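Structure first, commentary second.
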Amino acid sequence: MKYEFSRIEKKWQDKWEKEKTYAAKTGDDKPKYYALIEFPYPSAAGLHVGHPRPYTAMDIVSRKRRMQGYSVLLPMGFDAFGLPTENYAIKNKIHPAIVTRDNIETFTKQLKMLGFSFDWDRCIDTTDPEYYKWTQWIFLKLFENGLAYKASIPVNWCTSCKCVLANEEVVNGECERCGAPVTRREKSQWMLKITEYAQRLLDDLDTVDYIERAKTQQRNWIGRSVGAEIDFKTTAGDTLRVFTTRQDTLFGATYMVISPEHPLLAKWSPDNLEEIAEYQTEAAKKSDFERTELAKDKTGVEIQGIRAINPATGGEIPIFISDYVLATYGTGAIMAVPGHDKRDWEFAKKFGLPIIEVVSGGNIEEEAYSDNQLGTIVNSGFMNGLSVDDAKAEMTRWLTEQGIGGETVNFKLRDWVFSRQRYWGEPIPIVHCEKCGHVPLPESELPLILPDVENYETTDTGESPLAAMPDWIATTCPKCGGPASRETDTMPQWAGSSWYFLRYTDPHNKNALASREALDYWTPVDWYNGGMEHTTLHLLYSRFWHKFLYDIGIVPTPEPYMKRTSHGMILAEDGQKMSKSLGNVVNPNDIVDAFGADTLRLYIMFIGDFEKTAIWSSTAVKGCKRFLDRVWNLAENQLEDDTLSAKHEAAIHRAIKKVGDDIEHLKFNTAIATLMALVNDFYDDKELPSKGDIKMLLTLLAPFAPHIAEELWENQDFSGSAATEPWPAYDERKTIESEREIAVQIGGKLRGTVMAPLDADNETVLSIARDDERIKRLIDGKEIVRVIVVKNKLINLIVK
RNA sequence: GCCGGUGUGGCGGAAUAGGUAGACGCACCUGACUCAAAAUCAGACGGUCUAUGACUGUGCCGGUUCGAGUCCGGCCACCGGUACCA
């Protein structure tokens, strides 16, 4: 009988769908396991061969967990709001909702074809009003708790399209679509106070099991630094407050720099007002791209007529404005210590400012000496002779004592810009009332449905398409009943994905985002796998929302995900990213048609290290197909014996151990290699495997290639199914062969191998080695001065 | 610049914890089967040489060790993140 993968796979997929084999049951007595993968964006291009990599991985883990006796939740859904769909809709003049529906249908069909054990009854779609009702509800809660606010901030503005662009749409300072230059423009935007959670987001990383690079990336992104704030008096009478991490170098501060946007500038009337105003205008016009391009060349203008006083030395020092100081970090002002800061050194050199050494150990004539471990404080009055660390503490103490500063902590993390001037997103459920200001919609009015519009394009003034709908905008104030207008901005794509994993636990709940019972049973997520590109956005955002929901008593745990792993990308055969424009996309449908879903699943896991980038190979796929053919043919003739055969027992016990361990450590490639080696053994030995051997092979294979495993299971008349068979235990003692191959080295060089009984003592191994013909010849006439034995592995003879 | 990662055959990649480098697979080669091919099965498969043996080999240079892909010191290349964060 031939391995008819198409018929077999359809047969089992239909059965699983009809019998809801993989439905997750809330409140089951068994221990729960919640496995999660990032839900896809349903693009018009459909699934490509990179998508199934993480899905197959977590499907394997989930299938193993079920066999281990867990109640498993493995859900799938669609993150469907967002720009590509909107752009596609504009281009093809189809409503985004229709585009979304069609794309989801395609994705669902493709996913089902691969035999994942998802609970499809829990499938969610972020654009479904029943779903985004709760996204809006969370926003209202954030607003109620003072974590959502409106602020005027600079946004990316395309000078040709006359619209606001998301950061991702700006490529090298130009508009991604039309190529026109992008400048910055102030616009009023909704913001979320993620910064209020900065410390907790950092601290709680210690409580979760994320791959280290994900933690590091989040830590860097949050960017905590401890330093001091210091007040500098000015001759204008105002106090200029700075933040520094090097308060130990205060005696070396020879000038100050404030950002072009610093608020004191509006108050001061320096002698060169016009020059300063001009610099401010120039700085405002610069795009992010220009700012970074010009990063090496420092520019700035001295504020004439106003000087600051260094509180340590009492000396007057000049004040500059320069765009190398950012308005958004610290206090927007710095004390410049050119002797010990690279940027200050460059600026001082350019403007001919004094450079004073206050930490010895470097050569400040050549470059700034910024090492903060070595070096001794000099030229610093009461701190001379101290180490940098001691001087920091001493200065902090002195500042506090003087009442002009003290220890401060700063974060790089900024608040989250939450508005988009776009159509295809969740409407923000706020109205603007002349009398009452920003007023939240009452919960009873949720969901605030996204209305149909004529045109999905951003308006000429850069407003959302919703701004062109006066009938929808006009409403009454929920508070005072007077006339009011609706917010026309929508939420960013990150909104719906910040809490979707909670909805999976109870996806059809009409009264809450999920019942407490479901949340208590399923959360937190036990294992979450996703792309590294989401580490600083999605992963951080969802941790923030989760902590907030925890604070207001909605969810039971402070962290959403207990374990986080990440997969590498699959590149096209040419080594480039798969993309429609390059025409190098591999469609999983083609692979399934040619080789079957089980082969695709195996190959995508066998392709290489799961965490690393892998290059697709259309020829290598058939190695996995060959393997399944060999498994199929093997099962057709074996010995009628339900126990493990003596010949294969040790190899099987080793395989149970290896495959099980490898699945836990994302080493799917070596797990599959182990199964291949086992099957090769069954062939090589010319000694047929027993029925028991076959059963064990199918059990281990089932998570990887579930269709063929079930089919063969049924053909063999094994009881139950491969999917419900308990995951086998191995016996450590049985993994070991009674005879070991021992490497024989002479002077550290391999000269041969001998067979020795298991755990043979040193003398036995030595005598076996000496009896070996070749070894005998090599050591003949020489004296063995030393013998090193590694038990069951190696013997090394040192001869003279 | 800073942070993280990676360098192993023609190719994808293995190698607990310093102990037989190259598991497993692809490609190529040889043989069996076949009229032939495909498929299948069996075997060979890092390089060099004076080839039943020896030397050499895990990005480069040096070190520790009986023994180094693995540890230490110093470089180089590539990939990812981030970027004037005071």
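Chain labels run A, B, ... following the order of the structure tokens; each chain numbers its residues from 1, and ligands are numbered from 1 in the order shown.
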Do you know which residues are at most 9 Å from Ser566 in chain A counting only C-alpha atoms (C1' of nucleotides), after dropping those on the same chain fewer than 3 positions away, and could you put them as a ChimeraX atom specification?
-> /A:54,211,214,528-532,610-612
Counting only C-alpha atoms (C1' of nucleotides), which residues from chain A have an atom at most 8 Å from any atom of chain B, and could you show them as a ChimeraX atom specification?
-> /A:213,216-217,220,223,243-245,295,324-325,329,334-335,343,412,607-609,615,619-620,623-624,670,672-674,676-677,742-743,747-750,753,788,790,793-794,796-798
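For range 295-328 of chain A, a DSSP pass over the backbone yields strand (DSSP E) at Val301, Glu302, Ile303, Gln304, Gly305, Ile306, Arg307, Ala308, Ile309, Glu316, Ile317, Pro318, Ile319, Phe320 and Ile321 of chain A.
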Take the selection from the previous step and output its residues with N, CA and C atoms, as a PDB file, in the first residue's frame.
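Contents of the output file out-v2.pdb:
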```
ATOM      1  N   VAL A 301      24.264  77.493  19.226  1.00  0.00           N
ATOM      2  CA  VAL A 301      24.360  78.947  19.324  1.00  0.00           C
ATOM      3  C   VAL A 301      24.484  79.316  20.797  1.00  0.00           C
ATOM      4  N   GLU A 302      25.397  80.203  21.105  1.00  0.00           N
ATOM      5  CA  GLU A 302      25.525  80.642  22.501  1.00  0.00           C
ATOM      6  C   GLU A 302      24.415  81.629  22.817  1.00  0.00           C
ATOM      7  N   ILE A 303      23.871  81.523  24.001  1.00  0.00           N
ATOM      8  CA  ILE A 303      22.857  82.473  24.451  1.00  0.00           C
ATOM      9  C   ILE A 303      23.595  83.676  25.040  1.00  0.00           C
ATOM     10  N   GLN A 304      23.628  84.753  24.279  1.00  0.00           N
ATOM     11  CA  GLN A 304      24.412  85.935  24.683  1.00  0.00           C
ATOM     12  C   GLN A 304      23.694  86.702  25.788  1.00  0.00           C
ATOM     13  N   GLY A 305      24.483  87.093  26.771  1.00  0.00           N
ATOM     14  CA  GLY A 305      23.931  87.965  27.808  1.00  0.00           C
ATOM     15  C   GLY A 305      23.402  87.234  29.028  1.00  0.00           C
ATOM     16  N   ILE A 306      23.332  85.923  28.922  1.00  0.00           N
ATOM     17  CA  ILE A 306      22.882  85.162  30.096  1.00  0.00           C
ATOM     18  C   ILE A 306      23.921  84.086  30.377  1.00  0.00           C
ATOM     19  N   ARG A 307      24.312  83.962  31.641  1.00  0.00           N
ATOM     20  CA  ARG A 307      25.299  82.960  31.995  1.00  0.00           C
ATOM     21  C   ARG A 307      24.830  82.156  33.200  1.00  0.00           C
ATOM     22  N   ALA A 308      25.399  80.989  33.349  1.00  0.00           N
ATOM     23  CA  ALA A 308      25.026  80.139  34.479  1.00  0.00           C
ATOM     24  C   ALA A 308      26.186  80.113  35.469  1.00  0.00           C
ATOM     25  N   ILE A 309      25.875  79.707  36.696  1.00  0.00           N
ATOM     26  CA  ILE A 309      26.924  79.629  37.715  1.00  0.00           C
ATOM     27  C   ILE A 309      27.114  78.182  38.143  1.00  0.00           C
ATOM     28  N   GLU A 316      31.259  81.605  36.561  1.00  0.00           N
ATOM     29  CA  GLU A 316      30.242  81.812  35.534  1.00  0.00           C
ATOM     30  C   GLU A 316      30.619  81.021  34.284  1.00  0.00           C
ATOM     31  N   ILE A 317      29.628  80.375  33.673  1.00  0.00           N
ATOM     32  CA  ILE A 317      29.887  79.594  32.452  1.00  0.00           C
ATOM     33  C   ILE A 317      28.813  79.923  31.410  1.00  0.00           C
ATOM     34  N   PRO A 318      29.168  79.837  30.100  1.00  0.00           N
ATOM     35  CA  PRO A 318      28.197  80.179  29.066  1.00  0.00           C
ATOM     36  C   PRO A 318      27.120  79.111  28.886  1.00  0.00           C
ATOM     37  N   ILE A 319      25.999  79.497  28.290  1.00  0.00           N
ATOM     38  CA  ILE A 319      24.901  78.567  27.994  1.00  0.00           C
ATOM     39  C   ILE A 319      24.687  78.560  26.482  1.00  0.00           C
ATOM     40  N   PHE A 320      24.562  77.361  25.917  1.00  0.00           N
ATOM     41  CA  PHE A 320      24.323  77.208  24.474  1.00  0.00           C
ATOM     42  C   PHE A 320      22.986  76.530  24.245  1.00  0.00           C
ATOM     43  N   ILE A 321      22.447  76.710  23.031  1.00  0.00           N
ATOM     44  CA  ILE A 321      21.390  75.791  22.620  1.00  0.00           C
ATOM     45  C   ILE A 321      21.983  74.931  21.507  1.00  0.00           C
TER      46      ILE A 321
END
```
Which of range 13-73 of chain A fall in alpha helix (DSSP H), as a ChimeraX atom specification | /A:13-19,52-67
Pull C-alpha atoms from the residues just selected and write them as a compact mmCIF listing (two decimals), in the first residue's frame.
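The result, stored in selection21.txt:
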```
# COMPACT_ATOMS: atom_id res chain seq x y z
CA GLN A 13 -8.39 16.82 9.49
CA ASP A 14 -12.08 16.23 8.80
CA LYS A 15 -12.31 13.96 11.79
CA TRP A 16 -10.58 16.43 14.11
CA GLU A 17 -12.86 19.21 12.94
CA LYS A 18 -16.04 17.16 13.30
CA GLU A 19 -15.17 15.70 16.68
CA PRO A 52 4.17 27.69 10.01
CA ARG A 53 7.57 27.67 11.73
CA PRO A 54 6.43 28.96 15.12
CA TYR A 55 2.98 27.41 14.69
CA THR A 56 4.38 23.94 14.12
CA ALA A 57 6.77 24.36 17.04
CA MET A 58 4.03 25.23 19.51
CA ASP A 59 1.72 22.64 17.98
CA ILE A 60 4.38 20.02 18.73
CA VAL A 61 4.72 21.28 22.30
CA SER A 62 0.93 21.31 22.72
CA ARG A 63 0.48 17.83 21.34
CA LYS A 64 3.20 16.56 23.65
CA ARG A 65 1.53 18.29 26.61
CA ARG A 66 -1.79 16.62 25.86
CA MET A 67 -0.03 13.26 25.76
```
Contact residues around range 413-427 of chain A with only C-alpha atoms (C1' of nucleotides) at 7 Å, ignoring same-chain residues under 3 positions, as a VMD selection string | chain A and resid 81 to 82 86 132 164 189 to 195 221 to 223 448 450 456 458 462 to 466 489 to 493
Grab the residues selected above and save them as a PDB file, in the first residue's frame with N, CA and C atoms.
```pdb
ATOM      1  N   PHE A  81      -6.701  44.681  12.106  1.00  0.00           N
ATOM      2  CA  PHE A  81      -6.684  46.114  11.825  1.00  0.00           C
ATOM      3  C   PHE A  81      -5.297  46.494  11.329  1.00  0.00           C
ATOM      4  N   GLY A  82      -5.228  47.567  10.518  1.00  0.00           N
ATOM      5  CA  GLY A  82      -3.895  48.037  10.155  1.00  0.00           C
ATOM      6  C   GLY A  82      -3.768  48.538   8.732  1.00  0.00           C
ATOM      7  N   GLU A  86      -5.792  48.667   4.749  1.00  0.00           N
ATOM      8  CA  GLU A  86      -6.359  49.954   4.379  1.00  0.00           C
ATOM      9  C   GLU A  86      -5.821  50.390   3.015  1.00  0.00           C
ATOM     10  N   TYR A 132     -13.509  44.329  19.570  1.00  0.00           N
ATOM     11  CA  TYR A 132     -12.921  45.642  19.858  1.00  0.00           C
ATOM     12  C   TYR A 132     -13.722  46.450  20.869  1.00  0.00           C
ATOM     13  N   VAL A 164      -0.148  62.426   7.990  1.00  0.00           N
ATOM     14  CA  VAL A 164       0.708  61.918   9.056  1.00  0.00           C
ATOM     15  C   VAL A 164       1.132  60.498   8.724  1.00  0.00           C
ATOM     16  N   GLN A 189      -2.125  64.410  20.048  1.00  0.00           N
ATOM     17  CA  GLN A 189      -2.265  62.953  19.956  1.00  0.00           C
ATOM     18  C   GLN A 189      -2.644  62.361  21.308  1.00  0.00           C
ATOM     19  N   TRP A 190      -3.364  61.239  21.264  1.00  0.00           N
ATOM     20  CA  TRP A 190      -3.609  60.490  22.496  1.00  0.00           C
ATOM     21  C   TRP A 190      -2.339  59.742  22.873  1.00  0.00           C
ATOM     22  N   MET A 191      -2.034  59.782  24.155  1.00  0.00           N
ATOM     23  CA  MET A 191      -0.815  59.132  24.652  1.00  0.00           C
ATOM     24  C   MET A 191      -1.188  58.205  25.807  1.00  0.00           C
ATOM     25  N   LEU A 192      -0.436  57.132  25.964  1.00  0.00           N
ATOM     26  CA  LEU A 192      -0.621  56.255  27.128  1.00  0.00           C
ATOM     27  C   LEU A 192       0.636  56.316  27.996  1.00  0.00           C
ATOM     28  N   LYS A 193       0.416  56.428  29.291  1.00  0.00           N
ATOM     29  CA  LYS A 193       1.532  56.613  30.234  1.00  0.00           C
ATOM     30  C   LYS A 193       2.237  55.324  30.588  1.00  0.00           C
ATOM     31  N   ILE A 194       2.880  54.736  29.614  1.00  0.00           N
ATOM     32  CA  ILE A 194       3.628  53.494  29.878  1.00  0.00           C
ATOM     33  C   ILE A 194       4.808  53.805  30.791  1.00  0.00           C
ATOM     34  N   THR A 195       5.273  55.066  30.760  1.00  0.00           N
ATOM     35  CA  THR A 195       6.432  55.441  31.585  1.00  0.00           C
ATOM     36  C   THR A 195       6.144  55.260  33.073  1.00  0.00           C
ATOM     37  N   TRP A 221      15.790  49.106  26.116  1.00  0.00           N
ATOM     38  CA  TRP A 221      14.735  49.980  25.613  1.00  0.00           C
ATOM     39  C   TRP A 221      14.163  50.831  26.749  1.00  0.00           C
ATOM     40  N   ILE A 222      13.968  50.210  27.896  1.00  0.00           N
ATOM     41  CA  ILE A 222      13.460  50.958  29.052  1.00  0.00           C
ATOM     42  C   ILE A 222      14.539  51.939  29.511  1.00  0.00           C
ATOM     43  N   GLY A 223      15.787  51.516  29.422  1.00  0.00           N
ATOM     44  CA  GLY A 223      16.920  52.419  29.609  1.00  0.00           C
ATOM     45  C   GLY A 223      16.969  53.175  30.923  1.00  0.00           C
ATOM     46  N   LEU A 448     -18.215  51.239  20.180  1.00  0.00           N
ATOM     47  CA  LEU A 448     -18.419  52.374  19.288  1.00  0.00           C
ATOM     48  C   LEU A 448     -17.997  51.872  17.912  1.00  0.00           C
ATOM     49  N   LEU A 450     -17.133  51.374  14.116  1.00  0.00           N
ATOM     50  CA  LEU A 450     -16.427  52.107  13.068  1.00  0.00           C
ATOM     51  C   LEU A 450     -17.428  52.324  11.929  1.00  0.00           C
ATOM     52  N   TYR A 456     -11.385  56.192   2.260  1.00  0.00           N
ATOM     53  CA  TYR A 456     -10.527  55.745   3.368  1.00  0.00           C
ATOM     54  C   TYR A 456      -9.241  56.534   3.464  1.00  0.00           C
ATOM     55  N   THR A 458      -6.619  59.535   4.220  1.00  0.00           N
ATOM     56  CA  THR A 458      -6.438  60.600   5.199  1.00  0.00           C
ATOM     57  C   THR A 458      -6.838  61.926   4.531  1.00  0.00           C
ATOM     58  N   GLY A 462      -4.551  66.118   7.146  1.00  0.00           N
ATOM     59  CA  GLY A 462      -3.899  65.104   7.956  1.00  0.00           C
ATOM     60  C   GLY A 462      -4.791  64.524   9.032  1.00  0.00           C
ATOM     61  N   GLU A 463      -6.092  64.735   8.902  1.00  0.00           N
ATOM     62  CA  GLU A 463      -7.007  64.137   9.872  1.00  0.00           C
ATOM     63  C   GLU A 463      -7.421  62.751   9.390  1.00  0.00           C
ATOM     64  N   SER A 464      -7.934  61.978  10.326  1.00  0.00           N
ATOM     65  CA  SER A 464      -8.447  60.652   9.992  1.00  0.00           C
ATOM     66  C   SER A 464      -9.612  60.792   9.008  1.00  0.00           C
ATOM     67  N   PRO A 465      -9.859  59.774   8.164  1.00  0.00           N
ATOM     68  CA  PRO A 465     -11.011  59.808   7.252  1.00  0.00           C
ATOM     69  C   PRO A 465     -12.321  60.039   8.013  1.00  0.00           C
ATOM     70  N   LEU A 466     -12.331  59.663   9.288  1.00  0.00           N
ATOM     71  CA  LEU A 466     -13.554  59.847  10.082  1.00  0.00           C
ATOM     72  C   LEU A 466     -13.879  61.333  10.259  1.00  0.00           C
ATOM     73  N   ASP A 489      -9.642  60.183  15.653  1.00  0.00           N
ATOM     74  CA  ASP A 489      -8.466  59.311  15.536  1.00  0.00           C
ATOM     75  C   ASP A 489      -8.857  57.881  15.913  1.00  0.00           C
ATOM     76  N   THR A 490      -8.086  56.954  15.386  1.00  0.00           N
ATOM     77  CA  THR A 490      -8.301  55.556  15.759  1.00  0.00           C
ATOM     78  C   THR A 490      -7.073  55.038  16.507  1.00  0.00           C
ATOM     79  N   MET A 491      -7.187  53.818  17.030  1.00  0.00           N
ATOM     80  CA  MET A 491      -6.083  53.239  17.813  1.00  0.00           C
ATOM     81  C   MET A 491      -5.056  52.597  16.877  1.00  0.00           C
ATOM     82  N   PRO A 492      -3.818  52.470  17.352  1.00  0.00           N
ATOM     83  CA  PRO A 492      -2.801  51.829  16.530  1.00  0.00           C
ATOM     84  C   PRO A 492      -3.010  50.319  16.494  1.00  0.00           C
ATOM     85  N   GLN A 493      -2.303  49.672  15.578  1.00  0.00           N
ATOM     86  CA  GLN A 493      -2.468  48.227  15.435  1.00  0.00           C
ATOM     87  C   GLN A 493      -2.114  47.474  16.709  1.00  0.00           C
TER      88      GLN A 493
END
```
Give me, please, the distance in Å between CA of Trp527 in chain A and CA of Phe411 in chain A, quoted to one decimal.
->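 We find that CA of Trp527 in chain A and CA of Phe411 in chain A lie 28.8 Å from each other.
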